[in-house]
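Next comes coords_29.csv, a file with CSV, C-alpha atoms and all ligand atoms.
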chain,number,residue,atom,x,y,z
A,169,MET,CA,-37.1,-23.6,6.3
A,170,PHE,CA,-36.4,-26.0,3.5
A,171,LYS,CA,-38.8,-28.9,3.4
A,172,GLY,CA,-38.9,-31.0,0.2
A,173,ALA,CA,-39.2,-30.1,-3.5
A,174,PRO,CA,-42.1,-28.0,-4.8
A,175,PRO,CA,-44.6,-30.1,-6.7
A,176,ALA,CA,-44.5,-30.0,-10.5
A,177,TRP,CA,-47.7,-28.0,-10.9
A,178,ALA,CA,-46.2,-25.1,-8.8
A,179,LEU,CA,-43.3,-24.7,-11.3
A,180,ARG,CA,-45.4,-24.8,-14.4
A,181,ARG,CA,-45.6,-21.6,-16.4
A,182,PRO,CA,-47.7,-19.8,-17.5
A,183,LYS,CA,-50.1,-20.4,-14.6
A,184,SER,CA,-53.7,-21.2,-15.4
A,185,PHE,CA,-56.2,-18.5,-14.9
A,186,TRP,CA,-57.7,-20.3,-11.9
A,187,GLN,CA,-54.3,-20.8,-10.2
A,188,SER,CA,-53.4,-17.2,-10.7
A,189,LEU,CA,-56.8,-16.1,-9.2
A,190,TYR,CA,-56.4,-18.6,-6.3
A,191,ASP,CA,-52.8,-17.4,-5.7
A,192,LEU,CA,-54.0,-13.8,-5.6
A,193,VAL,CA,-56.8,-14.5,-3.1
A,194,GLY,CA,-54.4,-16.7,-1.1
A,195,ALA,CA,-51.6,-14.1,-1.2
A,196,PRO,CA,-51.7,-13.3,2.5
A,197,LEU,CA,-51.3,-17.0,3.3
A,198,ARG,CA,-48.6,-17.8,0.7
A,199,MET,CA,-46.7,-14.6,1.1
A,200,ILE,CA,-46.8,-14.0,4.8
A,201,LEU,CA,-48.4,-16.6,7.1
A,202,LEU,CA,-47.4,-20.0,5.7
A,203,PRO,CA,-44.1,-21.8,5.1
A,204,ASP,CA,-43.6,-22.9,1.5
A,205,HIS,CA,-44.5,-26.5,2.0
A,206,GLN,CA,-47.7,-25.6,3.8
A,207,SER,CA,-48.8,-23.2,1.0
A,208,GLU,CA,-48.2,-26.0,-1.5
A,209,ARG,CA,-50.3,-28.4,0.5
A,210,LEU,CA,-53.2,-25.9,0.0
A,211,HIS,CA,-52.3,-25.8,-3.8
A,212,LEU,CA,-51.0,-22.2,-3.4
A,213,THR,CA,-47.9,-21.4,-5.3
A,214,SER,CA,-45.2,-20.9,-2.7
A,215,LEU,CA,-42.7,-18.0,-2.9
A,216,ARG,CA,-39.9,-20.5,-3.3
A,217,ALA,CA,-41.7,-22.1,-6.3
A,218,GLU,CA,-42.2,-18.6,-7.7
A,219,ARG,CA,-38.4,-17.9,-7.7
A,220,LEU,CA,-37.4,-21.4,-8.9
A,221,ALA,CA,-39.9,-21.2,-11.8
A,222,ALA,CA,-38.5,-17.8,-12.7
A,223,VAL,CA,-34.9,-18.9,-12.6
A,224,LEU,CA,-35.0,-22.5,-14.0
A,225,PRO,CA,-35.7,-21.4,-17.7
A,226,GLU,CA,-32.8,-18.9,-17.5
A,227,VAL,CA,-30.2,-21.5,-16.6
A,228,ARG,CA,-27.8,-22.5,-19.4
A,229,GLY,CA,-25.1,-25.2,-19.4
A,230,ARG,CA,-23.1,-25.9,-16.2
A,231,LEU,CA,-24.6,-24.1,-13.2
A,232,LEU,CA,-23.0,-22.8,-10.0
A,233,ASP,CA,-25.8,-21.9,-7.5
A,234,ILE,CA,-24.4,-19.7,-4.7
A,235,GLY,CA,-26.3,-19.5,-1.4
A,236,ALA,CA,-28.0,-22.6,-2.5
A,237,GLY,CA,-29.8,-23.6,0.7
A,238,ASP,CA,-30.9,-27.2,0.3
A,239,ASN,CA,-29.6,-27.3,-3.3
A,240,MET,CA,-33.1,-27.4,-4.7
A,241,LEU,CA,-32.3,-25.4,-7.8
A,242,VAL,CA,-29.5,-27.7,-8.9
A,243,ARG,CA,-31.6,-30.8,-8.0
A,244,LEU,CA,-34.5,-29.5,-10.1
A,245,TYR,CA,-32.2,-28.5,-12.9
A,246,ARG,CA,-30.9,-32.1,-13.0
A,247,GLU,CA,-34.4,-33.5,-12.9
A,248,TYR,CA,-35.9,-31.2,-15.6
A,249,ALA,CA,-33.0,-30.6,-17.9
A,250,ARG,CA,-33.7,-31.4,-21.5
A,251,GLU,CA,-31.6,-34.1,-23.1
A,252,GLU,CA,-28.9,-31.8,-24.5
A,253,LYS,CA,-28.4,-30.3,-21.1
A,254,HIS,CA,-28.1,-33.5,-19.1
A,255,ALA,CA,-24.3,-33.7,-18.8
A,256,ALA,CA,-24.0,-30.0,-17.8
A,257,ALA,CA,-26.9,-30.4,-15.3
A,258,ARG,CA,-25.1,-33.4,-13.7
A,259,ASP,CA,-21.9,-31.4,-13.3
A,260,SER,CA,-23.7,-28.4,-11.7
A,261,VAL,CA,-23.0,-27.5,-8.2
A,262,GLY,CA,-24.6,-25.6,-5.3
A,263,VAL,CA,-22.5,-23.9,-2.6
A,264,ASP,CA,-23.4,-22.4,0.8
A,265,VAL,CA,-21.7,-21.4,4.0
A,266,PHE,CA,-24.4,-23.2,6.1
A,267,ASP,CA,-25.3,-26.9,5.6
A,268,TRP,CA,-29.0,-27.3,5.1
A,269,GLY,CA,-28.6,-30.8,3.6
A,270,GLY,CA,-29.2,-31.5,-0.1
A,271,GLY,CA,-25.6,-32.1,-1.1
A,272,CYS,CA,-24.2,-28.5,-1.4
A,273,THR,CA,-20.5,-27.9,-1.3
A,274,ILE,CA,-19.9,-26.1,2.0
A,275,VAL,CA,-17.5,-23.2,1.7
A,276,GLY,CA,-16.0,-20.8,4.3
A,277,ASN,CA,-17.0,-17.7,2.3
A,278,CYS,CA,-17.9,-16.8,-1.3
A,279,GLN,CA,-14.9,-14.6,-1.9
A,280,HIS,CA,-12.7,-17.6,-2.8
A,281,LEU,CA,-14.5,-20.5,-4.4
A,282,PRO,CA,-12.8,-23.8,-5.1
A,283,PHE,CA,-13.4,-23.7,-8.9
A,284,ALA,CA,-11.3,-22.9,-11.9
A,285,ASP,CA,-11.6,-19.7,-13.9
A,286,GLY,CA,-14.3,-19.9,-16.6
A,287,SER,CA,-15.6,-23.2,-15.4
A,288,PHE,CA,-19.4,-22.4,-15.4
A,289,ASP,CA,-21.9,-21.2,-18.0
A,290,THR,CA,-24.4,-19.8,-15.4
A,291,VAL,CA,-23.9,-18.6,-11.8
A,292,SER,CA,-27.0,-17.8,-9.8
A,293,PHE,CA,-27.7,-16.0,-6.5
A,294,VAL,CA,-31.3,-16.9,-5.7
A,295,ALA,CA,-32.8,-14.9,-2.7
A,296,CYS,CA,-29.4,-14.7,-1.1
A,297,LEU,CA,-27.2,-11.8,-2.2
A,298,ASN,CA,-28.6,-9.7,0.7
A,299,HIS,CA,-27.5,-12.5,3.1
A,300,ILE,CA,-23.9,-12.5,1.9
A,301,PRO,CA,-21.9,-9.8,3.7
A,302,GLU,CA,-19.1,-10.0,1.2
A,303,ARG,CA,-21.5,-9.6,-1.7
A,304,GLU,CA,-19.2,-7.3,-3.8
A,305,ASP,CA,-16.4,-9.8,-3.7
A,306,ALA,CA,-18.8,-12.7,-4.2
A,307,LEU,CA,-20.0,-11.1,-7.5
A,308,ARG,CA,-16.4,-10.6,-8.7
A,309,GLU,CA,-15.7,-14.2,-7.8
A,310,ALA,CA,-18.8,-15.3,-9.7
A,311,ARG,CA,-17.5,-13.4,-12.8
A,312,ARG,CA,-14.1,-15.2,-12.4
A,313,VAL,CA,-15.7,-18.6,-12.5
A,314,LEU,CA,-18.0,-17.8,-15.4
A,315,ARG,CA,-16.8,-18.5,-18.9
A,316,PRO,CA,-16.6,-15.5,-21.2
A,317,GLY,CA,-20.1,-14.7,-22.3
A,318,GLY,CA,-21.6,-16.7,-19.4
A,319,ARG,CA,-24.5,-15.3,-17.4
A,320,ILE,CA,-25.3,-14.5,-13.9
A,321,VAL,CA,-28.9,-14.8,-12.6
A,322,VAL,CA,-30.0,-13.1,-9.4
A,323,THR,CA,-33.3,-12.8,-7.7
A,324,MET,CA,-33.8,-10.2,-5.0
A,325,ILE,CA,-36.8,-8.7,-3.1
A,326,GLY,CA,-36.8,-5.0,-2.4
A,327,ARG,CA,-35.4,-3.5,0.8
A,328,ILE,CA,-38.7,-2.4,2.4
A,329,VAL,CA,-40.6,-5.6,1.4
A,330,GLY,CA,-37.6,-7.6,2.7
A,331,GLU,CA,-37.5,-5.8,6.0
A,332,ILE,CA,-41.2,-6.3,6.6
A,333,GLY,CA,-41.1,-9.9,5.3
A,334,HIS,CA,-38.2,-11.0,7.5
A,335,ALA,CA,-39.9,-9.5,10.5
A,336,VAL,CA,-43.0,-11.7,10.0
A,337,TRP,CA,-41.6,-14.8,8.2
A,338,TRP,CA,-41.4,-16.8,11.4
A,339,TYR,CA,-40.3,-19.8,9.4
A,340,SER,CA,-37.4,-18.3,7.3
A,341,GLU,CA,-34.0,-19.9,7.3
A,342,ASP,CA,-32.3,-16.9,9.1
A,343,LYS,CA,-34.4,-17.8,12.2
A,344,HIS,CA,-32.4,-21.1,12.3
A,345,ARG,CA,-28.9,-19.7,12.3
A,346,ASP,CA,-26.9,-16.7,13.6
A,347,VAL,CA,-27.4,-13.6,11.4
A,348,GLN,CA,-24.0,-12.3,10.2
A,349,HIS,CA,-22.8,-8.7,10.5
A,350,GLY,CA,-23.5,-7.1,7.1
A,351,GLU,CA,-26.6,-9.0,6.1
A,352,VAL,CA,-29.5,-7.0,5.0
A,353,MET,CA,-33.1,-8.2,4.5
A,354,GLY,CA,-33.6,-7.0,0.9
A,355,MET,CA,-32.0,-4.8,-1.7
A,356,GLY,CA,-33.3,-2.1,-4.1
A,357,ALA,CA,-33.2,-3.1,-7.8
A,358,ARG,CA,-30.9,-0.2,-8.6
A,359,ASN,CA,-28.5,-1.2,-5.9
A,360,VAL,CA,-28.3,-4.8,-7.3
A,361,GLU,CA,-27.8,-3.4,-10.8
A,362,GLN,CA,-25.0,-1.2,-9.6
A,363,LEU,CA,-23.3,-4.0,-7.8
A,364,LEU,CA,-23.4,-6.2,-10.9
A,365,ARG,CA,-21.9,-3.4,-13.0
A,366,GLN,CA,-19.2,-2.7,-10.4
A,367,ALA,CA,-18.3,-6.4,-10.5
A,368,GLY,CA,-17.7,-6.0,-14.3
A,369,PHE,CA,-21.0,-7.5,-15.7
A,370,GLY,CA,-22.5,-5.9,-18.8
A,371,SER,CA,-26.0,-5.6,-20.2
A,372,VAL,CA,-28.0,-6.1,-17.0
A,373,THR,CA,-31.7,-6.9,-17.7
A,374,ARG,CA,-34.4,-6.9,-15.0
A,375,ARG,CA,-38.0,-8.1,-14.7
A,376,GLY,CA,-40.4,-8.3,-11.8
A,377,PHE,CA,-42.3,-11.3,-10.6
A,378,VAL,CA,-44.7,-12.0,-7.7
A,379,TYR,CA,-46.7,-8.8,-8.5
A,380,GLY,CA,-43.4,-6.9,-9.0
A,381,LEU,CA,-42.3,-7.5,-5.3
A,382,ASN,CA,-39.4,-9.7,-6.4
A,383,HIS,CA,-37.0,-9.1,-9.3
A,384,LEU,CA,-35.0,-11.3,-11.6
A,385,PHE,CA,-31.8,-9.9,-12.9
A,386,ILE,CA,-29.7,-11.4,-15.7
A,387,ALA,CA,-26.3,-10.0,-16.7
A,388,TRP,CA,-23.5,-11.3,-18.8
A,389,SER,CA,-19.8,-11.7,-18.0
A,390,GLU,CA,-19.0,-9.5,-21.0
A,391,GLU,CA,-21.2,-7.8,-23.6
A,392,LYS,CA,-24.5,-9.6,-24.3
A,393,PRO,CA,-23.8,-12.5,-26.7
A,394,MET,CA,-25.6,-12.9,-30.0
A,395,ALA,CA,-29.3,-13.9,-29.9
A,396,GLN,CA,-28.7,-17.6,-30.7
A,397,GLU,CA,-26.5,-18.0,-27.6
A,398,LEU,CA,-29.2,-16.5,-25.2
A,401,LIG,C1,-33.3,-17.2,1.7
A,401,LIG,S1,-32.2,-18.5,1.6
A,401,LIG,C2,-32.2,-18.9,-0.1
A,401,LIG,C3,-31.8,-20.3,-0.4
A,401,LIG,C4,-32.0,-20.8,-1.8
A,401,LIG,N1,-31.2,-20.0,-2.8
A,401,LIG,C5,-33.5,-20.6,-2.2
A,401,LIG,O1,-33.8,-19.8,-3.1
A,401,LIG,O2,-34.3,-21.3,-1.7
A,401,LIG,C6,-30.6,-17.6,1.8
A,401,LIG,C7,-29.4,-18.5,1.7
A,401,LIG,O3,-28.2,-17.7,1.8
A,401,LIG,C8,-27.3,-18.5,2.5
A,401,LIG,N2,-26.2,-17.6,3.0
A,401,LIG,C9,-26.2,-16.9,4.1
A,401,LIG,N3,-25.1,-16.3,4.3
A,401,LIG,C10,-24.3,-16.7,3.2
A,401,LIG,C11,-22.9,-16.3,2.9
A,401,LIG,N4,-22.2,-15.5,3.6
A,401,LIG,N5,-22.5,-16.9,1.7
A,401,LIG,C12,-23.3,-17.7,1.0
A,401,LIG,N6,-24.5,-18.1,1.3
A,401,LIG,C13,-25.0,-17.5,2.4
A,401,LIG,C14,-28.1,-19.2,3.6
A,401,LIG,O4,-27.4,-20.3,4.1
A,401,LIG,C15,-29.3,-19.6,2.8
A,401,LIG,O5,-29.2,-20.8,2.2

Show me this structure written as structure tokens.
Amino acid sequence: MFKGAPPAWALRRPKSFWQSLYDLVGAPLRMILLPDHQSERLHLTSLRAERLAAVLPEVRGRLLDIGAGDNMLVRLYREYAREEKHAAARDSVGVDVFDWGGGCTIVGNCQHLPFADGSFDTVSFVACLNHIPEREDALREARRVLRPGGRIVVTMIGRIVGEIGHAVWWYSEDKHRDVQHGEVMGMGARNVEQLLRQAGFGSVTRRGFVYGLNHLFIAWSEEKPMAQEL
């Protein structure tokens, strides 16, 4: 479940050698046994801090975070945004169909979002595309609200890792609500890439994090813009 913001040290990248080593030794604790806030109390990098640290540097301009949970990505973006990004960060929004607190806009579904065409520079789906039964339509809707040349940022764990993880993560948010028909516990990287392409996104890039067990995808609403816009 969601409990407070990750400490600043957990979001700093690159990690120090000692933190990396400690995280590796403590992997069973931070990846299986302990909720995020308890890992952080032991100075282990939580899984949530791992994905926030992977996503935050990729956010550009006004952000829409879908499946935002307690809205932590938007809240951290506002806190850490460099001066030139302040106004866009302030106008950024998180949406979710469940209310976990944190000031998200609560929507009935992600097929029809209450935002104008082309009104965001970045749309993110962090650890949630698998939980959204209407994921194909949600990705198309994300493309509609992105400006031309805007980017989508997705993180997703693999299908097998996700199945095993959700069976043992006694603390995860899906244990605190009804699981919807059509939810899956993880998705293969190729499946995510295919869904992005089907929704009309171009130039999908992918990189692994947390020992390659999690993936970060970035795709553009049209062909990848010139280097200076990245
Ligand atoms: C594992 S949590 C991730 C939360 C947050 N993005 C993070 O990284 O901490 C999955 C999120 O997906 C949301 N979710 C579940 N079903 C959804 C749906 N149909 N549409 C949008 N969000 C949904 C849940 O409420 C939850 O906040």

Using all atoms listed in the file, which of the listed residues (A:Pro301, A:Gly286, A:Gly194, A:Gly271) sits closest to ligand LIG 401 (chain A)?
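So, comparing all the options, the nearest one is A:Pro301.
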
When distances are computed from all atoms listed in the file, which of A:Ala284, A:Met169, A:Pro196, A:Ala222 shows the smallest separation from Arg181 (chain A)?
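Once distances to Arg181 (chain A) are computed over all atoms listed in the file, the minimum belongs to A:Ala222.
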
For CA of Leu314 (chain A) and CA of Phe288 (chain A), quote the distance in Å rounded to one decimal.
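Interatomic distance here is 4.8 Å.
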
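By all atoms listed in the file, and with residues fewer than 2 positions from Pro316 (chain A) along its chain excluded, the set lying at most 12 Å from it is Asp285, Gly286, Ser287, Phe288, Asp289, Thr290, Ala310, Arg311, Arg312, Val313, Leu314, Gly318, Arg319, Ile320, Gly368, Phe369, Gly370, Trp388, Ser389, Glu390, Glu391, Lys392 and Pro393 of chain A.
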
Protein and nucleic residues near ligand LIG 401 (chain A), 6 Å, only C-alpha atoms and all ligand atoms, as a tab-separated table (two decimals) with C-alpha atoms, keeping the file's coordinate frame:
chain	number	residue	atom	x	y	z
A	216	ARG	CA	-39.90	-20.50	-3.30
A	235	GLY	CA	-26.30	-19.50	-1.40
A	236	ALA	CA	-28.00	-22.60	-2.50
A	237	GLY	CA	-29.80	-23.60	0.70
A	264	ASP	CA	-23.40	-22.40	0.80
A	265	VAL	CA	-21.70	-21.40	4.00
A	266	PHE	CA	-24.40	-23.20	6.10
A	277	ASN	CA	-17.00	-17.70	2.30
A	278	CYS	CA	-17.90	-16.80	-1.30
A	294	VAL	CA	-31.30	-16.90	-5.70
A	295	ALA	CA	-32.80	-14.90	-2.70
A	296	CYS	CA	-29.40	-14.70	-1.10
A	299	HIS	CA	-27.50	-12.50	3.10
A	300	ILE	CA	-23.90	-12.50	1.90
A	301	PRO	CA	-21.90	-9.80	3.70
